$ cat work.cif   # mmCIF, C-alpha atoms
data_coords
#
loop_
_atom_site.group_PDB
_atom_site.id
_atom_site.type_symbol
_atom_site.label_atom_id
_atom_site.label_comp_id
_atom_site.auth_asym_id
_atom_site.auth_seq_id
_atom_site.Cartn_x
_atom_site.Cartn_y
_atom_site.Cartn_z
ATOM 1 C CA MET F 1 216.004 167.066 222.780
ATOM 2 C CA THR F 2 217.807 163.998 224.099
ATOM 3 C CA LEU F 3 217.274 162.175 227.374
ATOM 4 C CA THR F 4 220.957 161.443 228.050
ATOM 5 C CA THR F 5 224.131 161.855 226.032
ATOM 6 C CA ALA F 6 223.769 158.218 224.868
ATOM 7 C CA TRP F 7 220.925 159.244 222.539
ATOM 8 C CA ILE F 8 221.983 160.439 219.090
ATOM 9 C CA PRO F 9 220.460 163.886 218.445
ATOM 10 C CA SER F 10 218.093 163.701 215.485
ATOM 11 C CA GLU F 11 219.943 166.462 213.631
ATOM 12 C CA SER F 12 223.176 164.407 213.783
ATOM 13 C CA ARG F 13 221.581 161.145 212.687
ATOM 14 C CA VAL F 14 222.282 159.588 209.310
ATOM 15 C CA ARG F 15 218.958 159.115 207.514
ATOM 16 C CA PHE F 16 218.835 155.938 205.487
ATOM 17 C CA ALA F 17 215.606 155.515 203.517
ATOM 18 C CA LYS F 18 215.053 152.028 204.966
ATOM 19 C CA LEU F 19 215.425 153.290 208.545
ATOM 20 C CA THR F 20 212.948 156.078 207.851
ATOM 21 C CA ARG F 21 210.454 153.447 206.626
ATOM 22 C CA PHE F 22 211.172 151.409 209.758
ATOM 23 C CA TRP F 23 210.252 154.237 212.134
ATOM 24 C CA VAL F 24 206.859 154.923 210.531
ATOM 25 C CA SER F 25 205.863 151.352 209.601
ATOM 26 C CA ASP F 26 202.778 149.923 211.298
ATOM 27 C CA ALA F 27 204.157 146.360 211.071
ATOM 28 C CA ARG F 28 204.212 144.573 214.438
ATOM 29 C CA TRP F 29 207.297 142.576 213.370
ATOM 30 C CA LYS F 30 210.207 144.362 211.764
ATOM 31 C CA ILE F 31 213.468 143.006 210.402
ATOM 32 C CA LEU F 32 216.615 145.084 210.027
ATOM 33 C CA CYS F 33 219.221 143.205 208.048
ATOM 34 C CA GLY F 34 222.390 145.111 207.300
ATOM 35 C CA GLY F 35 226.132 145.178 207.539
ATOM 36 C CA ARG F 36 228.304 146.352 210.390
ATOM 37 C CA ARG F 37 227.857 149.966 211.469
ATOM 38 C CA SER F 38 224.466 150.303 209.770
ATOM 39 C CA PHE F 39 222.788 151.603 212.970
ATOM 40 C CA LYS F 40 220.881 148.370 213.649
ATOM 41 C CA SER F 41 221.699 148.249 217.377
ATOM 42 C CA THR F 42 221.253 151.998 217.851
ATOM 43 C CA THR F 43 217.864 151.815 216.163
ATOM 44 C CA GLY F 44 216.888 148.805 218.281
ATOM 45 C CA ARG F 45 217.845 150.535 221.541
ATOM 46 C CA GLU F 46 215.938 153.690 220.678
ATOM 47 C CA ALA F 47 212.854 151.737 219.559
ATOM 48 C CA LEU F 48 212.934 149.680 222.756
ATOM 49 C CA PHE F 49 212.836 152.784 224.928
ATOM 50 C CA ALA F 50 210.950 155.366 222.846
ATOM 51 C CA GLY F 51 208.720 153.069 220.814
ATOM 52 C CA HIS F 52 208.169 153.104 217.053
ATOM 53 C CA GLY F 53 205.468 153.082 214.420
ATOM 54 C CA PRO F 54 203.011 155.733 213.311
ATOM 55 C CA THR F 55 202.111 158.404 215.844
ATOM 56 C CA GLN F 56 198.718 157.888 217.478
ATOM 57 C CA ARG F 57 196.177 160.538 218.511
ATOM 58 C CA ASP F 58 197.793 160.822 221.936
ATOM 59 C CA GLY F 59 201.097 161.741 220.264
ATOM 60 C CA LEU F 60 202.771 158.469 221.236
ATOM 61 C CA PRO F 61 203.958 155.782 218.820
ATOM 62 C CA MET F 62 201.743 152.816 217.952
ATOM 63 C CA PHE F 63 204.264 150.401 219.465
ATOM 64 C CA ARG F 64 205.111 151.775 222.897
ATOM 65 C CA GLY F 65 208.559 151.508 224.427
ATOM 66 C CA ALA F 66 209.789 151.170 227.996
ATOM 67 C CA LEU F 67 209.712 154.922 228.630
ATOM 68 C CA CYS F 68 206.039 155.157 227.602
ATOM 69 C CA PRO F 69 204.497 151.693 228.120
ATOM 70 C CA PRO F 70 200.800 151.061 227.542
ATOM 71 C CA GLU F 71 198.883 152.156 230.636
ATOM 72 C CA ASP F 72 196.553 149.151 230.629
ATOM 73 C CA VAL F 73 199.384 146.581 230.736
ATOM 74 C CA PRO F 74 200.453 145.255 234.146
ATOM 75 C CA ASP F 75 204.208 144.797 234.548
ATOM 76 C CA PRO F 76 205.238 145.838 231.009
ATOM 77 C CA THR F 77 208.348 143.881 229.997
ATOM 78 C CA PHE F 78 210.793 144.727 227.241
ATOM 79 C CA VAL F 79 213.531 142.291 226.252
ATOM 80 C CA ILE F 80 216.823 142.562 224.429
ATOM 81 C CA ALA F 81 218.097 139.150 223.384
ATOM 82 C CA ALA F 82 221.365 138.055 221.773
ATOM 83 C CA PRO F 83 222.921 134.656 220.990
ATOM 84 C CA THR F 84 224.611 134.324 224.408
ATOM 85 C CA ARG F 85 224.380 136.006 227.789
ATOM 86 C CA GLU F 86 228.007 137.071 227.473
ATOM 87 C CA MET F 87 227.292 138.720 224.116
ATOM 88 C CA VAL F 88 224.172 140.567 225.259
ATOM 89 C CA LYS F 89 226.067 141.856 228.288
ATOM 90 C CA ARG F 90 229.134 142.892 226.276
ATOM 91 C CA ILE F 91 227.245 144.596 223.427
ATOM 92 C CA TRP F 92 224.119 145.963 225.087
ATOM 93 C CA TRP F 93 224.329 146.342 228.886
ATOM 94 C CA GLU F 94 226.393 149.548 229.236
ATOM 95 C CA PRO F 95 224.732 151.375 226.296
ATOM 96 C CA VAL F 96 221.273 150.457 227.624
ATOM 97 C CA LYS F 97 222.089 151.728 231.119
ATOM 98 C CA ALA F 98 223.517 154.920 229.625
ATOM 99 C CA MET F 99 220.283 155.650 227.723
ATOM 100 C CA VAL F 100 218.052 155.833 230.772
ATOM 101 C CA PRO F 101 218.218 158.967 232.935
ATOM 102 C CA GLN F 102 218.964 157.976 236.525
ATOM 103 C CA MET F 103 215.857 159.803 237.778
ATOM 104 C CA LEU F 104 213.676 157.311 235.864
ATOM 105 C CA VAL F 105 215.400 154.212 237.266
ATOM 106 C CA GLN F 106 213.914 152.437 240.259
ATOM 107 C CA HIS F 107 216.323 149.477 240.412
ATOM 108 C CA VAL F 108 219.205 148.010 238.399
ATOM 109 C CA SER F 109 220.311 144.395 238.802
ATOM 110 C CA GLU F 110 223.807 143.781 237.485
ATOM 111 C CA VAL F 111 223.407 140.061 238.187
ATOM 112 C CA GLU F 112 220.084 139.599 236.390
ATOM 113 C CA LEU F 113 220.798 142.272 233.739
ATOM 114 C CA THR F 114 217.475 144.017 234.395
ATOM 115 C CA ILE F 115 216.397 147.610 234.857
ATOM 116 C CA ARG F 116 213.118 148.484 236.585
ATOM 117 C CA LEU F 117 211.786 151.955 235.801
ATOM 118 C CA HIS F 118 209.584 154.097 238.047
ATOM 119 C CA ASN F 119 206.759 153.823 235.489
ATOM 120 C CA GLY F 120 206.628 150.059 236.186
ATOM 121 C CA ALA F 121 208.367 148.942 232.991
ATOM 122 C CA ARG F 122 211.086 146.319 233.153
ATOM 123 C CA VAL F 123 213.943 145.980 230.658
ATOM 124 C CA MET F 124 215.605 142.560 230.570
ATOM 125 C CA LEU F 125 218.678 141.393 228.686
ATOM 126 C CA LEU F 126 218.653 137.703 227.834
ATOM 127 C CA GLY F 127 221.138 135.329 226.257
ATOM 128 C CA MET F 128 219.549 132.777 223.965
ATOM 129 C CA ASP F 129 222.211 130.170 224.697
ATOM 130 C CA ARG F 130 219.601 129.090 227.270
ATOM 131 C CA PRO F 131 216.280 130.037 225.628
ATOM 132 C CA THR F 132 214.237 128.902 228.630
ATOM 133 C CA ARG F 133 215.321 132.115 230.428
ATOM 134 C CA SER F 134 212.470 133.858 228.626
ATOM 135 C CA GLU F 135 209.742 131.418 229.556
ATOM 136 C CA GLY F 136 207.060 132.407 232.026
ATOM 137 C CA ILE F 137 206.995 136.110 231.175
ATOM 138 C CA ALA F 138 204.827 138.157 228.835
ATOM 139 C CA ILE F 139 206.988 140.204 226.476
ATOM 140 C CA ASP F 140 205.599 143.538 225.289
ATOM 141 C CA GLY F 141 208.576 144.502 223.135
ATOM 142 C CA LEU F 142 211.588 142.560 221.868
ATOM 143 C CA VAL F 143 214.842 143.485 220.183
ATOM 144 C CA ALA F 144 216.475 140.287 218.903
ATOM 145 C CA ASP F 145 220.101 141.065 218.034
ATOM 146 C CA GLU F 146 222.549 138.983 215.971
ATOM 147 C CA PHE F 147 219.634 136.714 215.089
ATOM 148 C CA ALA F 148 221.627 134.813 212.449
ATOM 149 C CA TYR F 149 223.842 133.405 215.241
ATOM 150 C CA TRP F 150 221.005 132.186 217.488
ATOM 151 C CA LYS F 151 220.300 128.514 217.966
ATOM 152 C CA ALA F 152 217.776 127.455 215.327
ATOM 153 C CA GLY F 153 214.289 127.275 216.837
ATOM 154 C CA ALA F 154 215.098 129.304 219.980
ATOM 155 C CA PHE F 155 212.879 132.175 218.895
ATOM 156 C CA GLU F 156 209.928 130.022 217.872
ATOM 157 C CA ARG F 157 210.009 127.823 220.971
ATOM 158 C CA SER F 158 210.719 130.387 223.689
ATOM 159 C CA LEU F 159 210.288 134.037 222.708
ATOM 160 C CA ARG F 160 207.468 133.973 220.176
ATOM 161 C CA PRO F 161 204.944 132.381 222.584
ATOM 162 C CA ALA F 162 205.831 134.984 225.231
ATOM 163 C CA MET F 163 204.878 137.714 222.772
ATOM 164 C CA SER F 164 201.416 136.325 222.143
ATOM 165 C CA THR F 165 199.858 136.798 225.560
ATOM 166 C CA ARG F 166 196.106 137.188 225.194
ATOM 167 C CA GLY F 167 195.138 140.851 225.146
ATOM 168 C CA ARG F 168 198.691 142.184 224.902
ATOM 169 C CA PRO F 169 200.484 141.148 221.729
ATOM 170 C CA GLY F 170 204.115 142.177 221.854
ATOM 171 C CA TRP F 171 206.072 143.740 219.037
ATOM 172 C CA GLY F 172 209.440 142.535 217.790
ATOM 173 C CA ILE F 173 212.477 143.842 215.961
ATOM 174 C CA ILE F 174 214.907 141.298 214.566
ATOM 175 C CA LEU F 175 218.429 142.557 213.844
ATOM 176 C CA PHE F 176 221.151 140.658 212.010
ATOM 177 C CA LYS F 177 223.813 140.731 209.376
ATOM 178 C CA PRO F 178 223.550 137.935 206.804
ATOM 179 C CA ASP F 179 225.311 134.672 207.596
ATOM 180 C CA GLY F 180 224.442 132.289 204.803
ATOM 181 C CA ARG F 181 221.132 130.538 204.268
ATOM 182 C CA ASN F 182 220.136 129.738 207.809
ATOM 183 C CA HIS F 183 217.042 130.444 209.941
ATOM 184 C CA ALA F 184 217.636 134.214 209.670
ATOM 185 C CA TYR F 185 217.611 133.946 205.888
ATOM 186 C CA ASP F 186 214.347 131.979 206.021
#

$ encode --input "work.cif" --output "structure tokens"
Amino acid sequence: MTLTTAWIPSESRVRFAKLTRFWVSDARWKILCGGRRSFKSTTGREALFAGHGPTQRDGLPMFRGALCPPEDVPDPTFVIAAPTREMVKRIWWEPVKAMVPQMLVQHVSEVELTIRLHNGARVMLLGMDRPTRSEGIAIDGLVADEFAYWKAGAFERSLRPAMSTRGRPGWGIILFKPDGRNHAYD
């Protein structure tokens, strides 16, 4: 079953061994490094909304997504970040909006690039050309796209601290295609 037509039905999905390991891994931080058209962004979007990791006793994944956030977390926040605001809007905004059934949406801000769901979860798209955009919020889940093109240190200075809020450690997925021996390589 799919939520909207933007979700790829599981029977139509290409199953790469590394992606299968990704979905069941209990690692809080995951890195998907691959070439173009290797389903990195699709995997990131689905993980952000549906969650990922081993299935728990309640039938939900260990790392909850925006559609099933942890119940004990006030104002659950999920972030998609890319090198620039223009890039995150161009690559992610329309596909992200298409994945969420309208009946689950409370409010969409085209200016702020945020979606508030009726379950209280917030999905934010951020450009890391100005990393301070992420400061002051607790991040429960992060998809960091095109990480090799980010400003060096942006993740460590701005996003990583926001994912270490006491009592609610956030999970992160870092997506990139190789671009030499830079911070993504390290």

$ closest_residue --input "work.cif" --among "F:Ala81, F:Met99, F:Gly172, F:Pro76" --to "F:Arg133" --atoms "all atoms listed in the file"
F:Ala81

$ resolve_selection --input "work.cif" --expression "the PyMOL selection byres ((chain F and resi 49) around 8)" --output "list in words"
Arg45, Glu46, Ala47, Leu48, Ala50, Gly51, Gly65, Ala66, Leu67 and Cys68 of chain F

$ resolve_selection --input "work.cif" --expression "the PyMOL selection byres ((chain F and resi 109) around 12)" --output "NGL selection string"
:F and (93 or 97 or 105-108 or 110-117 or 122-125)

$ write_last_selection --input "work.cif" --atoms "C-alpha atoms" --output "short mmCIF file (atom, residue, chain, number, x, y, z; two decimals), keeping the file's coordinate frame"
data_model
loop_
_atom_site.label_atom_id
_atom_site.label_comp_id
_atom_site.auth_asym_id
_atom_site.auth_seq_id
_atom_site.Cartn_x
_atom_site.Cartn_y
_atom_site.Cartn_z
CA TRP F 93 224.33 146.34 228.89
CA LYS F 97 222.09 151.73 231.12
CA VAL F 105 215.40 154.21 237.27
CA GLN F 106 213.91 152.44 240.26
CA HIS F 107 216.32 149.48 240.41
CA VAL F 108 219.20 148.01 238.40
CA GLU F 110 223.81 143.78 237.48
CA VAL F 111 223.41 140.06 238.19
CA GLU F 112 220.08 139.60 236.39
CA LEU F 113 220.80 142.27 233.74
CA THR F 114 217.48 144.02 234.40
CA ILE F 115 216.40 147.61 234.86
CA ARG F 116 213.12 148.48 236.58
CA LEU F 117 211.79 151.96 235.80
CA ARG F 122 211.09 146.32 233.15
CA VAL F 123 213.94 145.98 230.66
CA MET F 124 215.60 142.56 230.57
CA LEU F 125 218.68 141.39 228.69
#

$ atom_distance --input "work.cif" --atom1 "atom CA of F:Ile91" --atom2 "atom CA of F:Pro169"
27.0 Å

$ resolve_selection --input "work.cif" --expression "the PyMOL selection byres ((chain F and resi 176) around 6)" --output "PyMOL selection string"
chain F and resi 33+146-148+175+177

$ atom_distance --input "work.cif" --atom1 "atom CA of F:Pro101" --atom2 "atom CA of F:Phe78"
17.0 Å

$ atom_distance --input "work.cif" --atom1 "atom CA of F:Glu86" --atom2 "atom CA of F:Ala121"
23.6 Å

$ residues_around --input "work.cif" --residues "F:Gly153" --least-positions-apart "4" --cutoff "10 Å" --atoms "only C-alpha atoms" --output "list of chain:residue names"
F:Pro131, F:Arg157, F:Ser158, F:Leu159, F:His183

$ closest_residue --input "work.cif" --among "F:Val143, F:Val73, F:Leu60, F:Ile174" --to "F:Trp92" --atoms "all atoms listed in the file"
F:Val143

$ residues_around --input "work.cif" --residues "F:Trp171" --least-positions-apart "5" --cutoff "7 Å" --atoms "only C-alpha atoms" --output "count of residues only"
6

$ residues_around --input "work.cif" --residues "F:Ala154" --least-positions-apart "5" --cutoff "9 Å" --atoms "all atoms listed in the file" --output "number ranges by chain"
F: 128-132, 159-160

$ closest_residue --input "work.cif" --among "F:Met87, F:Ala152, F:Ala27, F:Leu126" --to "F:Ile173" --atoms "only C-alpha atoms"
F:Ala27

$ residues_around --input "work.cif" --residues "F:Pro74" --least-positions-apart "3" --cutoff "10 Å" --atoms "all atoms listed in the file" --output "JSON, numbers by chain"
{"F": [69, 70, 71, 77, 120, 121, 138, 168]}

$ closest_residue --input "work.cif" --among "F:Asp75, F:Trp23, F:Ile31, F:Ile80" --to "F:Pro54" --atoms "all atoms listed in the file"
F:Trp23

$ closest_residue --input "work.cif" --among "F:Lys30, F:His118, F:Val88, F:Thr42" --to "F:Gln102" --atoms "all atoms listed in the file"
F:His118

$ closest_residue --input "work.cif" --among "F:Leu19, F:Met103, F:Ala162, F:Ile139" --to "F:Val79" --atoms "all atoms listed in the file"
F:Ile139

$ build_atoms --input "work.cif" --residues "stretch 18-35 of chain F" --atoms "N, CA and C atoms" --output "PDB file, keeping the file's coordinate frame"
ATOM      1  N   LYS F  18     215.651 153.197 204.337  1.00  0.00           N
ATOM      2  CA  LYS F  18     215.053 152.028 204.966  1.00  0.00           C
ATOM      3  C   LYS F  18     214.798 152.261 206.453  1.00  0.00           C
ATOM      4  N   LEU F  19     215.668 153.000 207.130  1.00  0.00           N
ATOM      5  CA  LEU F  19     215.425 153.290 208.545  1.00  0.00           C
ATOM      6  C   LEU F  19     214.252 154.243 208.706  1.00  0.00           C
ATOM      7  N   THR F  20     214.100 155.175 207.792  1.00  0.00           N
ATOM      8  CA  THR F  20     212.948 156.078 207.851  1.00  0.00           C
ATOM      9  C   THR F  20     211.660 155.271 207.711  1.00  0.00           C
ATOM     10  N   ARG F  21     211.636 154.317 206.775  1.00  0.00           N
ATOM     11  CA  ARG F  21     210.454 153.447 206.626  1.00  0.00           C
ATOM     12  C   ARG F  21     210.215 152.630 207.887  1.00  0.00           C
ATOM     13  N   PHE F  22     211.281 152.182 208.518  1.00  0.00           N
ATOM     14  CA  PHE F  22     211.172 151.409 209.758  1.00  0.00           C
ATOM     15  C   PHE F  22     210.419 152.212 210.825  1.00  0.00           C
ATOM     16  N   TRP F  23     210.828 153.442 211.049  1.00  0.00           N
ATOM     17  CA  TRP F  23     210.252 154.237 212.134  1.00  0.00           C
ATOM     18  C   TRP F  23     208.766 154.495 211.967  1.00  0.00           C
ATOM     19  N   VAL F  24     208.272 154.594 210.740  1.00  0.00           N
ATOM     20  CA  VAL F  24     206.859 154.923 210.531  1.00  0.00           C
ATOM     21  C   VAL F  24     206.001 153.713 210.154  1.00  0.00           C
ATOM     22  N   SER F  25     206.606 152.544 209.993  1.00  0.00           N
ATOM     23  CA  SER F  25     205.863 151.352 209.601  1.00  0.00           C
ATOM     24  C   SER F  25     204.911 150.902 210.716  1.00  0.00           C
ATOM     25  N   ASP F  26     203.731 150.431 210.308  1.00  0.00           N
ATOM     26  CA  ASP F  26     202.778 149.923 211.298  1.00  0.00           C
ATOM     27  C   ASP F  26     202.873 148.400 211.442  1.00  0.00           C
ATOM     28  N   ALA F  27     203.953 147.803 210.937  1.00  0.00           N
ATOM     29  CA  ALA F  27     204.157 146.360 211.071  1.00  0.00           C
ATOM     30  C   ALA F  27     204.541 146.025 212.517  1.00  0.00           C
ATOM     31  N   ARG F  28     203.908 145.020 213.072  1.00  0.00           N
ATOM     32  CA  ARG F  28     204.212 144.573 214.438  1.00  0.00           C
ATOM     33  C   ARG F  28     205.587 143.922 214.514  1.00  0.00           C
ATOM     34  N   TRP F  29     206.000 143.237 213.454  1.00  0.00           N
ATOM     35  CA  TRP F  29     207.297 142.576 213.370  1.00  0.00           C
ATOM     36  C   TRP F  29     208.128 143.287 212.320  1.00  0.00           C
ATOM     37  N   LYS F  30     209.326 143.661 212.695  1.00  0.00           N
ATOM     38  CA  LYS F  30     210.207 144.362 211.764  1.00  0.00           C
ATOM     39  C   LYS F  30     211.560 143.664 211.749  1.00  0.00           C
ATOM     40  N   ILE F  31     212.156 143.619 210.564  1.00  0.00           N
ATOM     41  CA  ILE F  31     213.468 143.006 210.402  1.00  0.00           C
ATOM     42  C   ILE F  31     214.424 144.046 209.844  1.00  0.00           C
ATOM     43  N   LEU F  32     215.548 144.215 210.523  1.00  0.00           N
ATOM     44  CA  LEU F  32     216.615 145.084 210.027  1.00  0.00           C
ATOM     45  C   LEU F  32     217.814 144.201 209.742  1.00  0.00           C
ATOM     46  N   CYS F  33     218.082 144.001 208.479  1.00  0.00           N
ATOM     47  CA  CYS F  33     219.221 143.205 208.048  1.00  0.00           C
ATOM     48  C   CYS F  33     220.193 144.154 207.375  1.00  0.00           C
ATOM     49  N   GLY F  34     221.410 144.202 207.878  1.00  0.00           N
ATOM     50  CA  GLY F  34     222.390 145.111 207.300  1.00  0.00           C
ATOM     51  C   GLY F  34     223.780 144.750 207.764  1.00  0.00           C
ATOM     52  N   GLY F  35     224.743 145.423 207.190  1.00  0.00           N
ATOM     53  CA  GLY F  35     226.132 145.178 207.539  1.00  0.00           C
ATOM     54  C   GLY F  35     226.520 145.853 208.845  1.00  0.00           C
TER      55      GLY F  35
END
